[in-house]
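Source file: query-v2.cif (mmCIF, C-alpha atoms and all ligand atoms)
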```cif
data_work
loop_
_atom_site.label_atom_id
_atom_site.label_comp_id
_atom_site.auth_asym_id
_atom_site.auth_seq_id
_atom_site.Cartn_x
_atom_site.Cartn_y
_atom_site.Cartn_z
CA MET A 1 151.25 77.63 171.04
CA THR A 2 153.71 74.82 170.29
CA GLU A 3 151.54 71.72 170.04
CA LYS A 4 148.93 70.95 167.47
CA TYR A 5 145.31 70.34 168.39
CA THR A 6 144.35 66.78 167.50
CA VAL A 7 141.02 66.47 165.70
CA ALA A 8 138.52 63.64 165.14
CA ILE A 9 135.92 63.97 162.39
CA ILE A 10 132.69 62.21 163.35
CA GLY A 11 130.71 61.65 160.16
CA CYS A 12 132.76 62.04 157.01
CA GLY A 13 130.20 62.49 154.25
CA ARG A 14 130.15 65.54 152.02
CA LEU A 15 130.37 68.20 154.71
CA GLY A 16 132.63 66.13 157.00
CA GLN A 17 135.13 65.91 154.15
CA HIS A 18 135.13 69.71 153.95
CA TYR A 19 135.93 69.86 157.66
CA ALA A 20 138.79 67.38 157.19
CA GLU A 21 140.20 69.52 154.35
CA VAL A 22 140.17 72.66 156.49
CA TYR A 23 141.68 70.97 159.56
CA GLN A 24 144.39 69.43 157.39
CA THR A 25 145.22 72.84 155.88
CA LEU A 26 145.66 74.68 159.17
CA PRO A 27 149.14 74.69 160.73
CA ASN A 28 147.97 74.13 164.31
CA THR A 29 145.58 71.18 163.83
CA GLU A 30 146.03 67.56 162.86
CA VAL A 31 143.25 65.13 161.94
CA ILE A 32 144.06 61.91 163.79
CA ALA A 33 140.88 59.83 163.45
CA ILE A 34 137.64 59.54 161.52
CA ALA A 35 134.33 57.90 162.47
CA GLU A 36 132.22 57.11 159.43
CA TYR A 37 129.30 54.71 159.34
CA ASN A 38 129.37 53.76 155.64
CA PRO A 39 132.22 51.19 155.24
CA GLU A 40 133.10 52.00 151.61
CA ARG A 41 133.12 55.73 152.29
CA ARG A 42 135.11 55.17 155.50
CA LYS A 43 137.82 53.39 153.49
CA ALA A 44 137.75 56.08 150.78
CA VAL A 45 138.12 59.03 153.16
CA GLY A 46 140.84 57.19 155.11
CA GLU A 47 142.75 56.86 151.86
CA ARG A 48 142.05 60.42 150.75
CA PHE A 49 143.09 62.05 154.02
CA GLY A 50 145.83 59.55 154.92
CA ILE A 51 144.13 58.46 158.17
CA SER A 52 144.40 54.89 159.41
CA ALA A 53 142.49 55.34 162.69
CA LEU A 54 139.04 54.68 161.22
CA TYR A 55 135.93 53.76 163.23
CA GLN A 56 132.29 53.06 162.63
CA ASP A 57 130.90 55.65 165.02
CA ALA A 58 131.72 58.07 167.83
CA GLU A 59 131.46 55.46 170.56
CA ALA A 60 134.04 53.18 168.90
CA LEU A 61 136.33 56.12 168.17
CA PHE A 62 136.37 57.44 171.73
CA ARG A 63 137.12 53.95 173.07
CA HIS A 64 140.50 54.19 171.32
CA GLN A 65 141.25 57.88 170.76
CA SER A 66 141.42 61.03 172.90
CA PRO A 67 141.34 63.97 170.46
CA ASP A 68 141.37 67.60 171.65
CA ILE A 69 138.59 68.45 169.21
CA ALA A 70 135.63 66.50 167.84
CA ALA A 71 133.92 67.80 164.71
CA VAL A 72 130.48 66.16 164.66
CA VAL A 73 129.24 66.41 161.07
CA LEU A 74 126.31 64.03 161.15
CA PRO A 75 122.73 64.08 159.95
CA GLY A 76 120.51 65.58 162.66
CA LYS A 77 119.22 62.33 164.13
CA PHE A 78 122.71 61.26 165.24
CA ILE A 79 124.12 64.55 166.52
CA LYS A 80 123.09 64.40 170.18
CA GLU A 81 124.61 61.02 170.90
CA ALA A 82 127.94 61.98 169.31
CA VAL A 83 128.20 65.42 170.94
CA ILE A 84 127.50 63.96 174.38
CA ALA A 85 129.95 61.09 173.77
CA ALA A 86 132.62 63.64 172.81
CA ALA A 87 132.00 65.77 175.92
CA GLN A 88 132.08 62.69 178.15
CA ALA A 89 135.31 61.51 176.47
CA GLY A 90 137.00 64.71 177.63
CA VAL A 91 137.52 66.73 174.43
CA LYS A 92 138.42 70.41 174.87
CA GLY A 93 135.93 71.44 172.22
CA VAL A 94 133.19 69.90 170.12
CA SER A 95 131.48 71.40 167.11
CA THR A 96 128.41 70.39 165.18
CA ASP A 97 126.39 71.73 162.30
CA LYS A 98 122.97 72.86 161.34
CA PRO A 99 120.15 72.07 161.62
CA ILE A 100 120.85 70.77 165.11
CA GLU A 101 118.60 67.88 166.17
CA ALA A 102 114.81 68.36 166.17
CA ARG A 103 113.68 68.35 169.80
CA LEU A 104 114.49 71.26 172.09
CA SER A 105 115.20 69.04 175.11
CA ASP A 106 117.79 67.13 173.04
CA VAL A 107 119.62 70.34 172.20
CA ASP A 108 119.37 71.49 175.84
CA ALA A 109 120.99 68.19 176.86
CA MET A 110 123.98 68.84 174.56
CA VAL A 111 124.43 72.45 175.66
CA GLU A 112 124.16 71.49 179.34
CA GLU A 113 126.52 68.50 179.07
CA CYS A 114 129.16 70.72 177.47
CA GLU A 115 128.65 73.55 179.97
CA GLU A 116 128.90 71.22 182.97
CA ARG A 117 132.12 69.69 181.67
CA GLY A 118 133.69 72.99 180.57
CA VAL A 119 133.73 71.83 176.95
CA LEU A 120 133.50 74.54 174.29
CA PHE A 121 130.45 73.82 172.09
CA ALA A 122 130.69 75.42 168.66
CA GLY A 123 128.42 75.57 165.63
CA GLY A 124 129.81 75.11 162.13
CA ASN A 125 129.17 75.95 158.52
CA LEU A 126 126.83 78.89 158.93
CA GLN A 127 126.79 82.16 157.00
CA ARG A 128 126.96 83.88 160.38
CA ALA A 129 130.62 82.82 160.46
CA MET A 130 131.47 84.54 157.15
CA GLY A 131 134.30 87.01 157.74
CA GLU A 132 132.35 89.87 156.15
CA VAL A 133 129.16 89.10 158.13
CA GLN A 134 131.15 89.16 161.36
CA GLU A 135 132.90 92.40 160.38
CA ALA A 136 129.63 94.12 159.46
CA ALA A 137 128.28 93.02 162.87
CA ARG A 138 131.33 94.53 164.58
CA TRP A 139 130.75 97.84 162.75
CA LEU A 140 127.12 97.79 163.85
CA ARG A 141 128.05 96.98 167.42
CA ALA A 142 130.67 99.75 167.45
CA GLY A 143 127.89 102.20 166.57
CA ASP A 144 129.35 103.15 163.15
CA TYR A 145 125.84 103.41 161.72
CA GLY A 146 124.02 104.68 164.81
CA PRO A 147 121.34 102.96 166.88
CA LEU A 148 119.23 100.34 165.08
CA ARG A 149 115.63 101.33 164.31
CA GLY A 150 114.44 98.13 162.66
CA ALA A 151 115.13 94.65 161.33
CA SER A 152 113.39 92.31 158.88
CA VAL A 153 113.67 88.69 157.74
CA HIS A 154 112.91 87.73 154.11
CA ASN A 155 112.18 84.44 152.34
CA TRP A 156 112.07 82.48 155.57
CA GLY A 157 110.15 79.71 153.89
CA GLY A 158 110.60 76.27 152.42
CA GLU A 159 112.59 74.90 155.33
CA ILE A 160 112.54 77.16 158.37
CA SER A 161 114.72 74.93 160.54
CA GLY A 162 116.99 73.69 157.71
CA GLY A 163 118.19 76.60 155.57
CA GLY A 164 116.11 79.00 157.65
CA CYS A 165 118.36 78.70 160.68
CA GLN A 166 120.86 80.85 158.74
CA HIS A 167 118.47 83.83 158.90
CA ILE A 168 117.95 83.57 162.66
CA ALA A 169 121.66 83.27 163.33
CA VAL A 170 122.44 86.43 161.31
CA LEU A 171 119.45 88.36 162.72
CA ARG A 172 120.59 87.72 166.30
CA LEU A 173 124.16 88.69 165.42
CA PHE A 174 123.28 91.95 163.62
CA THR A 175 120.77 93.08 166.24
CA HIS A 176 122.86 91.75 169.16
CA ALA A 177 119.56 90.58 170.64
CA GLU A 178 117.54 87.48 171.38
CA ILE A 179 114.07 86.71 170.04
CA THR A 180 111.68 87.02 172.98
CA GLU A 181 108.30 86.44 171.31
CA VAL A 182 107.07 84.95 168.04
CA ILE A 183 103.72 85.28 166.29
CA ALA A 184 103.28 83.53 162.96
CA TRP A 185 101.00 82.55 160.11
CA GLY A 186 101.86 79.44 158.08
CA HIS A 187 100.83 77.72 154.87
CA PRO A 188 100.10 75.37 153.17
CA GLN A 189 98.00 73.65 155.87
CA GLU A 190 99.43 70.26 154.93
CA ALA A 191 102.98 71.46 155.63
CA LEU A 192 101.86 73.17 158.83
CA GLU A 193 100.41 69.92 160.15
CA SER A 194 103.44 67.86 159.11
CA ALA A 195 106.21 66.97 161.57
CA GLU A 196 108.74 68.24 158.99
CA ASP A 197 109.53 71.77 157.88
CA THR A 198 109.57 70.92 154.16
CA GLY A 199 107.51 73.39 152.14
CA LEU A 200 106.26 75.33 155.17
CA VAL A 201 106.07 79.06 154.50
CA ILE A 202 105.90 81.30 157.56
CA ASN A 203 104.98 84.96 157.80
CA GLY A 204 105.03 86.64 161.16
CA GLN A 205 106.78 88.88 163.61
CA PHE A 206 109.63 88.45 166.08
CA GLN A 207 109.84 90.60 169.16
CA LEU A 208 113.49 91.21 170.07
CA SER A 209 115.11 91.74 173.46
CA ASN A 210 116.35 95.20 172.37
CA GLY A 211 112.77 96.39 171.89
CA LEU A 212 112.64 96.06 168.09
CA SER A 213 109.78 94.30 166.27
CA CYS A 214 111.01 92.33 163.28
CA PRO A 215 108.60 91.47 160.44
CA VAL A 216 109.16 88.03 158.91
CA PHE A 217 108.32 87.43 155.24
CA GLY A 218 108.02 83.81 154.19
CA SER A 219 108.41 84.32 150.47
CA ALA A 220 111.10 85.96 148.38
CA SER A 221 110.46 89.66 147.98
CA ASP A 222 113.15 92.04 146.76
CA ARG A 223 115.37 90.48 149.45
CA LYS A 224 116.02 86.94 150.65
CA GLY A 225 117.98 87.33 153.86
CA VAL A 226 118.07 89.78 156.75
CA ALA A 227 118.09 93.57 156.78
CA VAL A 228 118.72 95.93 159.69
CA TRP A 229 118.53 99.70 159.55
CA SER A 230 119.30 102.84 161.51
CA ASP A 231 118.24 106.45 160.81
CA ASP A 232 120.42 106.77 157.71
CA ALA A 233 121.93 103.31 157.01
CA LEU A 234 120.70 99.86 155.96
CA ILE A 235 122.78 96.68 156.14
CA SER A 236 121.51 93.75 154.13
CA TRP A 237 122.72 90.14 154.24
CA ASP A 238 121.54 87.93 151.38
CA TRP A 239 123.92 84.93 151.20
CA ASP A 240 126.90 87.08 150.21
CA PRO A 241 129.03 89.66 152.01
CA PRO A 242 126.54 92.19 153.45
CA THR A 243 125.62 95.21 151.35
CA ILE A 244 125.74 98.56 153.11
CA PHE A 245 123.74 101.64 152.24
CA GLN A 246 124.29 104.96 153.95
CA GLY A 247 122.70 108.35 153.31
CA PHE A 248 120.17 109.34 150.65
CA ASP A 249 120.50 110.86 147.18
CA ASP A 250 118.60 113.95 146.09
CA LYS A 251 115.55 111.80 145.28
CA GLY A 252 115.62 110.28 148.77
CA ALA A 253 116.85 106.85 147.63
CA ARG A 254 119.51 104.99 149.64
CA ILE A 255 123.13 105.23 148.50
CA ALA A 256 125.17 101.97 148.38
CA VAL A 257 128.58 102.47 149.99
CA ASP A 258 131.64 100.41 149.16
CA ARG A 259 133.26 99.98 152.56
CA PRO A 260 136.06 97.43 152.07
CA TYR A 261 136.09 94.31 154.22
CA THR A 262 139.36 93.05 155.71
CA PRO A 263 140.87 90.36 153.44
CA LEU A 264 140.71 86.83 154.86
CA GLU A 265 143.72 85.19 156.45
CA TYR A 266 143.06 82.12 154.27
CA PRO A 267 141.55 83.52 151.05
CA ARG A 268 140.38 80.12 149.76
CA PHE A 269 138.35 79.43 152.89
CA SER A 270 134.61 79.70 152.85
CA TYR A 271 132.65 80.47 155.99
CA LEU A 272 133.33 76.94 157.22
CA GLY A 273 136.99 77.92 157.40
CA THR A 274 136.32 81.14 159.30
CA SER A 275 133.99 79.26 161.63
CA ILE A 276 136.75 76.77 162.44
CA LEU A 277 139.32 79.57 162.87
CA SER A 278 136.99 81.23 165.39
CA PHE A 279 136.54 77.90 167.22
CA LEU A 280 140.32 77.48 167.52
CA ASP A 281 140.80 81.10 168.57
CA VAL A 282 138.22 80.81 171.37
CA LEU A 283 139.71 77.48 172.49
CA GLU A 284 143.09 79.19 172.74
CA ASN A 285 142.17 82.67 173.97
CA GLY A 286 138.54 82.60 175.15
CA GLY A 287 135.96 85.05 173.83
CA GLU A 288 132.84 84.79 171.71
CA LEU A 289 132.43 82.10 169.04
CA TYR A 290 131.31 83.16 165.57
CA VAL A 291 128.77 80.32 165.86
CA SER A 292 128.00 78.44 169.08
CA GLY A 293 125.86 75.46 170.00
CA HIS A 294 123.60 77.99 171.71
CA ASP A 295 123.20 79.82 168.38
CA LEU A 296 122.10 76.60 166.71
CA ARG A 297 119.62 76.03 169.53
CA GLN A 298 118.16 79.56 169.21
CA SER A 299 117.64 79.02 165.48
CA LEU A 300 115.77 75.79 166.09
CA GLU A 301 113.75 77.36 168.89
CA ALA A 302 112.60 80.29 166.73
CA ALA A 303 111.56 77.85 163.98
CA ILE A 304 109.64 75.65 166.42
CA ALA A 305 107.94 78.67 168.00
CA ALA A 306 106.89 79.94 164.56
CA LYS A 307 105.53 76.57 163.48
CA TYR A 308 103.46 76.10 166.65
CA SER A 309 102.31 79.72 166.82
CA ALA A 310 100.93 79.29 163.30
CA LEU A 311 99.50 75.81 163.96
CA TRP A 312 97.68 76.90 167.10
CA GLY A 313 96.02 79.93 165.45
CA SER A 314 98.74 82.61 165.44
CA VAL A 315 99.16 82.70 169.18
CA PRO A 316 102.05 84.82 170.49
CA LEU A 317 104.64 82.45 172.01
CA LYS A 318 107.26 83.67 174.46
CA LEU A 319 110.83 82.39 174.25
CA PRO A 320 112.40 80.41 175.84
CA LEU A 321 109.53 78.01 175.14
CA GLN A 322 108.23 76.29 178.25
CA ASP A 323 107.53 72.98 176.53
CA ARG A 324 110.97 71.58 175.67
CA SER A 325 109.44 68.45 174.13
CA LEU A 326 108.33 70.36 171.01
CA THR A 327 109.94 69.22 167.76
CA LEU A 328 110.45 70.25 164.17
CA TYR A 329 112.16 67.83 161.80
CA PRO A 330 114.17 68.89 158.75
CA ARG A 331 113.85 67.11 155.38
CA PRO A 332 115.17 63.52 155.19
CA TYR A 333 118.55 64.46 153.69
CA ARG A 334 119.34 66.65 156.68
CA TRP A 335 117.78 64.31 159.26
CA LEU A 336 119.08 60.95 158.02
CA GLY A 337 121.82 61.82 155.52
CA GLY A 338 122.38 61.37 151.79
CA ASP A 339 122.46 57.57 151.97
CA HIS A 340 118.79 57.57 153.05
CA ASP A 341 117.72 60.09 150.45
CA ASP A 342 118.43 60.15 146.74
CA ARG A 343 121.74 61.96 147.15
CA VAL A 344 124.20 59.16 147.91
CA GLN A 345 127.82 60.24 147.58
CA THR A 346 129.61 57.52 145.63
CA VAL A 347 133.05 56.18 146.60
CA GLU A 348 134.55 57.89 143.52
CA GLU A 349 133.04 61.21 144.58
CA ALA A 350 134.33 60.77 148.13
CA LEU A 351 137.80 60.01 146.82
CA GLU A 352 137.79 63.06 144.56
CA GLY A 353 136.22 65.39 147.09
CA GLN A 354 133.23 65.93 144.86
CA LEU A 355 130.29 67.26 146.77
CA PHE A 356 127.32 66.62 144.54
CA PRO A 357 126.65 64.23 141.63
CA ARG A 358 127.99 65.34 138.29
CA THR A 359 125.38 66.63 135.88
CA SER A 360 125.92 65.14 132.46
N1 LIG B 401 125.80 74.04 157.23
C1 LIG B 401 125.71 73.71 155.97
O1 LIG B 401 125.88 74.56 155.10
C2 LIG B 401 125.45 72.34 155.61
C3 LIG B 401 125.74 71.94 154.33
C4 LIG B 401 125.53 70.64 154.02
C5 LIG B 401 125.02 69.79 155.00
N2 LIG B 401 124.74 70.25 156.24
C6 LIG B 401 124.21 69.37 157.27
O2 LIG B 401 125.27 68.53 157.71
C7 LIG B 401 124.78 67.21 157.90
C8 LIG B 401 125.61 66.26 157.08
O3 LIG B 401 125.46 66.61 155.71
P1 LIG B 401 126.29 65.90 154.58
O4 LIG B 401 126.03 66.66 153.32
O5 LIG B 401 127.70 65.72 154.99
O6 LIG B 401 125.54 64.48 154.55
P2 LIG B 401 126.12 63.08 154.05
O7 LIG B 401 124.98 62.15 154.03
O8 LIG B 401 126.93 63.29 152.81
O9 LIG B 401 127.14 62.68 155.21
C9 LIG B 401 126.76 62.21 156.47
C10 LIG B 401 127.72 61.10 156.81
O10 LIG B 401 127.53 60.68 158.15
C11 LIG B 401 127.63 59.27 158.18
N3 LIG B 401 126.93 58.79 159.36
C12 LIG B 401 125.59 58.73 159.59
N4 LIG B 401 125.34 58.30 160.84
C13 LIG B 401 126.54 58.08 161.42
C14 LIG B 401 126.93 57.68 162.72
N5 LIG B 401 126.03 57.41 163.67
N6 LIG B 401 128.26 57.59 162.97
C15 LIG B 401 129.18 57.86 162.01
N7 LIG B 401 128.86 58.26 160.78
C16 LIG B 401 127.55 58.39 160.48
C17 LIG B 401 127.03 58.80 156.89
O11 LIG B 401 127.49 57.50 156.53
C18 LIG B 401 127.52 59.87 155.91
O12 LIG B 401 128.75 59.55 155.29
C19 LIG B 401 123.29 67.26 157.49
O13 LIG B 401 122.49 67.36 158.65
C20 LIG B 401 123.14 68.50 156.69
O14 LIG B 401 121.87 69.10 156.84
C21 LIG B 401 124.97 71.48 156.57
#
```
Take the structure in this file and express it as structure tokens.
Ligand SMILES: NC(=O)c1ccc[n+]([C@@H]2O[C@H](COP(=O)([O-])OP(=O)(O)OC[C@H]3O[C@@H](n4cnc5c(N)ncnc54)[C@H](O)[C@@H]3O)[C@@H](O)[C@H]2O)c1
Amino acid sequence: MTEKYTVAIIGCGRLGQHYAEVYQTLPNTEVIAIAEYNPERRKAVGERFGISALYQDAEALFRHQSPDIAAVVLPGKFIKEAVIAAAQAGVKGVSTDKPIEARLSDVDAMVEECEERGVLFAGGNLQRAMGEVQEAARWLRAGDYGPLRGASVHNWGGEISGGGCQHIAVLRLFTHAEITEVIAWGHPQEALESAEDTGLVINGQFQLSNGLSCPVFGSASDRKGVAVWSDDALISWDWDPPTIFQGFDDKGARIAVDRPYTPLEYPRFSYLGTSILSFLDVLENGGELYVSGHDLRQSLEAAIAAKYSALWGSVPLKLPLQDRSLTLYPRPYRWLGGDHDDRVQTVEEALEGQLFPRTS
């Protein structure tokens, strides 16, 4: 490839600034424009990243710019409009982040708009994109540990669509399966009846398309993430590179094995970096994204199914859900952004690239 992909960042708050850093580091991408609603922050990030093409929102940006890639890094409420605007403006690829919107029909509209226009629709900063998570999944898929016998989800509580979408994305990757049915129990009642996922703890069971039944534990037990197992191995993801156990000692306990992961191409990159590298690779060569818009949708759909299964008396709900008008809102920070919560990023912090307020 000789030319660089041009990139527009839509929403340049804390996470959007991370995206800009990664795209400015890579040799084959160039950030050419930023849309940012907050005028002081817009000026600050323009200065920090050396970008003069600055706009209030996606609509204004696409009136003047034709980037190859749009990175939509907005609070949930604003994602749909920007993703659809990007697809209609003729980008080659658009990415967004989690948790994606709140209403299934809104996510369907984004996925469909991108599909119809041949626009690659990627997800973003999810643990599923971590190099080691992807490599462990490749080992599983290659049969290195034998056929899977089970899977479990742990600590899927507190915010099942917000942070909880990480679990679903890794579960589907490790099992190479879709969730086909959900049955759930939820508490406290107040959280279950709320439109938001804040504080809702879900226990239940997912039925998977490969025939496995996956217990779901809402609270922290000895694990917090996702485990899958075969006859003699167990692979556990818990917000770090997956831990692998294979075989049993003379007491019958599992033995942790130290199988080395391939070093990263860009060692300083977190999983946002590997997610973006996968997006660029698929744009260039085709293939399977580490995280797709579809993956974000499946995470939301599992969370919505669990909430309504629990609310309606632990009824088993088949996926895909028939009623696409069902919703589940994340907490205000994720839905409306830091400026509408108590986590405003100051101009100084935006200039310095500081993610969260200093603790004194
Ligand atoms: N995947 C992850 O690990 C992860 C981490 C942090 C945040 N997030 C998600 O990413 C989203 C953004 O998070 P953040 O921490 O960057 O929030 P933030 O509030 O710091 O940034 C959002 C930015 O978008 C701007 N904005 C809002 N509406 C806009 C619009 N219509 N057009 C242009 N700009 C607009 C705001 O002014 C703000 O600067 C949230 O939904 C959050 O849940 C994901």
If you take all atoms listed in the file and a cut-off of 7 Å, which residues of chain A touch ligand LIG 401 (chain B), and what are their nearest atom pairs and distances in Å to one decimal, in chain and number order, as a tab-separated table?
```
residue	atom	partner	partner_atom	distance
A:Ile10	CA	B:LIG401	C15	5.7
A:Gly11	CA	B:LIG401	O10	3.9
A:Cys12	CA	B:LIG401	O12	5.0
A:Gly13	CA	B:LIG401	O9	3.2
A:Arg14	CA	B:LIG401	O5	3.9
A:Leu15	CA	B:LIG401	O5	3.7
A:Gly16	CA	B:LIG401	O5	5.3
A:Ala35	CA	B:LIG401	C15	5.2
A:Glu36	CA	B:LIG401	N7	3.8
A:Tyr37	CA	B:LIG401	N7	3.9
A:Asn38	CA	B:LIG401	O11	4.3
A:Arg41	CA	B:LIG401	O12	6.5
A:Gln56	CA	B:LIG401	C15	5.8
A:Asp57	CA	B:LIG401	N6	3.9
A:Ala58	CA	B:LIG401	N6	6.0
A:Val73	CA	B:LIG401	C8	5.4
A:Leu74	CA	B:LIG401	O10	4.7
A:Pro75	CA	B:LIG401	O13	3.5
A:Gly76	CA	B:LIG401	O13	4.8
A:Phe78	CA	B:LIG401	N5	5.3
A:Asp97	CA	B:LIG401	N1	5.6
A:Lys98	CA	B:LIG401	N1	5.1
A:Pro99	CA	B:LIG401	O14	5.9
A:Gly124	CA	B:LIG401	N1	6.4
A:Asn125	CA	B:LIG401	N1	4.1
A:Leu126	CA	B:LIG401	N1	5.2
A:Gly162	CA	B:LIG401	O14	6.8
A:Tyr333	CA	B:LIG401	O14	6.5
A:Arg334	CA	B:LIG401	O14	3.5
A:Trp335	CA	B:LIG401	O13	5.6
A:Gly337	CA	B:LIG401	O7	3.5
A:Gly338	CA	B:LIG401	O7	3.5
A:Asp339	CA	B:LIG401	O7	5.6
A:Val344	CA	B:LIG401	O7	6.9
A:Gln345	CA	B:LIG401	O8	6.1
```
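If you look at CA of Ser299 in chain A and CA of Glu181 in chain A, they are 13.3 Å away from each other.
Using all atoms listed in the file, the nearest neighbour of Gly93 in chain A within the list A:Pro330, A:Gly163, A:Pro67, A:Pro260 is A:Pro67.
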Computed gap from CA of Ala137 in chain A to CA of Val7 in chain A is 29.6 Å
Between A:Ala302, A:Glu59, A:Asn285, A:Gly252, smallest distance to Gln205 in chain A by all atoms listed in the file belongs to A:Ala302
Between CA of Glu288 in chain A and CA of Ser152 in chain A lies a distance of 24.5 Å
Could you pull the residues within 10 Å of Ile168 in chain A, counting all atoms listed in the file, minus those fewer than 2 positions along the same chain, as a VMD selection string? chain A and resid 128 153 156 160 to 161 163 to 166 170 to 174 178 to 179 225 to 226 295 to 296 298 to 303
Would you mind putting all heavy atoms back on range 7-13 of chain A and writing the result as a PDB file, keeping the file's coordinate frame?
```pdb
ATOM      1  N   VAL A   7     142.421  66.332 166.107  1.00  0.00           N
ATOM      2  CA  VAL A   7     141.020  66.470 165.700  1.00  0.00           C
ATOM      3  C   VAL A   7     140.469  65.121 165.239  1.00  0.00           C
ATOM      4  O   VAL A   7     141.142  64.391 164.504  1.00  0.00           O
ATOM      5  CB  VAL A   7     140.895  67.462 164.511  1.00  0.00           C
ATOM      6  CG1 VAL A   7     139.431  67.624 164.083  1.00  0.00           C
ATOM      7  CG2 VAL A   7     141.509  68.810 164.855  1.00  0.00           C
ATOM      8  N   ALA A   8     139.249  64.803 165.681  1.00  0.00           N
ATOM      9  CA  ALA A   8     138.520  63.640 165.140  1.00  0.00           C
ATOM     10  C   ALA A   8     137.316  64.164 164.371  1.00  0.00           C
ATOM     11  O   ALA A   8     136.604  65.056 164.844  1.00  0.00           O
ATOM     12  CB  ALA A   8     138.062  62.723 166.263  1.00  0.00           C
ATOM     13  N   ILE A   9     137.114  63.627 163.187  1.00  0.00           N
ATOM     14  CA  ILE A   9     135.920  63.970 162.390  1.00  0.00           C
ATOM     15  C   ILE A   9     134.912  62.848 162.603  1.00  0.00           C
ATOM     16  O   ILE A   9     135.202  61.675 162.334  1.00  0.00           O
ATOM     17  CB  ILE A   9     136.260  64.051 160.879  1.00  0.00           C
ATOM     18  CG1 ILE A   9     137.476  64.956 160.600  1.00  0.00           C
ATOM     19  CG2 ILE A   9     135.029  64.483 160.075  1.00  0.00           C
ATOM     20  CD1 ILE A   9     137.264  66.421 160.784  1.00  0.00           C
ATOM     21  N   ILE A  10     133.732  63.207 163.107  1.00  0.00           N
ATOM     22  CA  ILE A  10     132.690  62.210 163.350  1.00  0.00           C
ATOM     23  C   ILE A  10     131.620  62.394 162.279  1.00  0.00           C
ATOM     24  O   ILE A  10     130.844  63.342 162.327  1.00  0.00           O
ATOM     25  CB  ILE A  10     132.026  62.404 164.746  1.00  0.00           C
ATOM     26  CG1 ILE A  10     133.047  62.709 165.839  1.00  0.00           C
ATOM     27  CG2 ILE A  10     131.121  61.216 165.082  1.00  0.00           C
ATOM     28  CD1 ILE A  10     133.844  61.573 166.320  1.00  0.00           C
ATOM     29  N   GLY A  11     131.609  61.510 161.300  1.00  0.00           N
ATOM     30  CA  GLY A  11     130.710  61.650 160.160  1.00  0.00           C
ATOM     31  C   GLY A  11     131.495  62.295 159.032  1.00  0.00           C
ATOM     32  O   GLY A  11     131.779  63.501 159.072  1.00  0.00           O
ATOM     33  N   CYS A  12     131.889  61.485 158.058  1.00  0.00           N
ATOM     34  CA  CYS A  12     132.760  62.040 157.010  1.00  0.00           C
ATOM     35  C   CYS A  12     132.113  61.870 155.648  1.00  0.00           C
ATOM     36  O   CYS A  12     132.666  61.276 154.729  1.00  0.00           O
ATOM     37  CB  CYS A  12     134.148  61.403 157.084  1.00  0.00           C
ATOM     38  SG  CYS A  12     135.420  62.477 156.389  1.00  0.00           S
ATOM     39  N   GLY A  13     130.896  62.402 155.533  1.00  0.00           N
ATOM     40  CA  GLY A  13     130.200  62.490 154.250  1.00  0.00           C
ATOM     41  C   GLY A  13     130.659  63.771 153.567  1.00  0.00           C
ATOM     42  O   GLY A  13     131.785  64.234 153.750  1.00  0.00           O
TER      43      GLY A  13
END
```
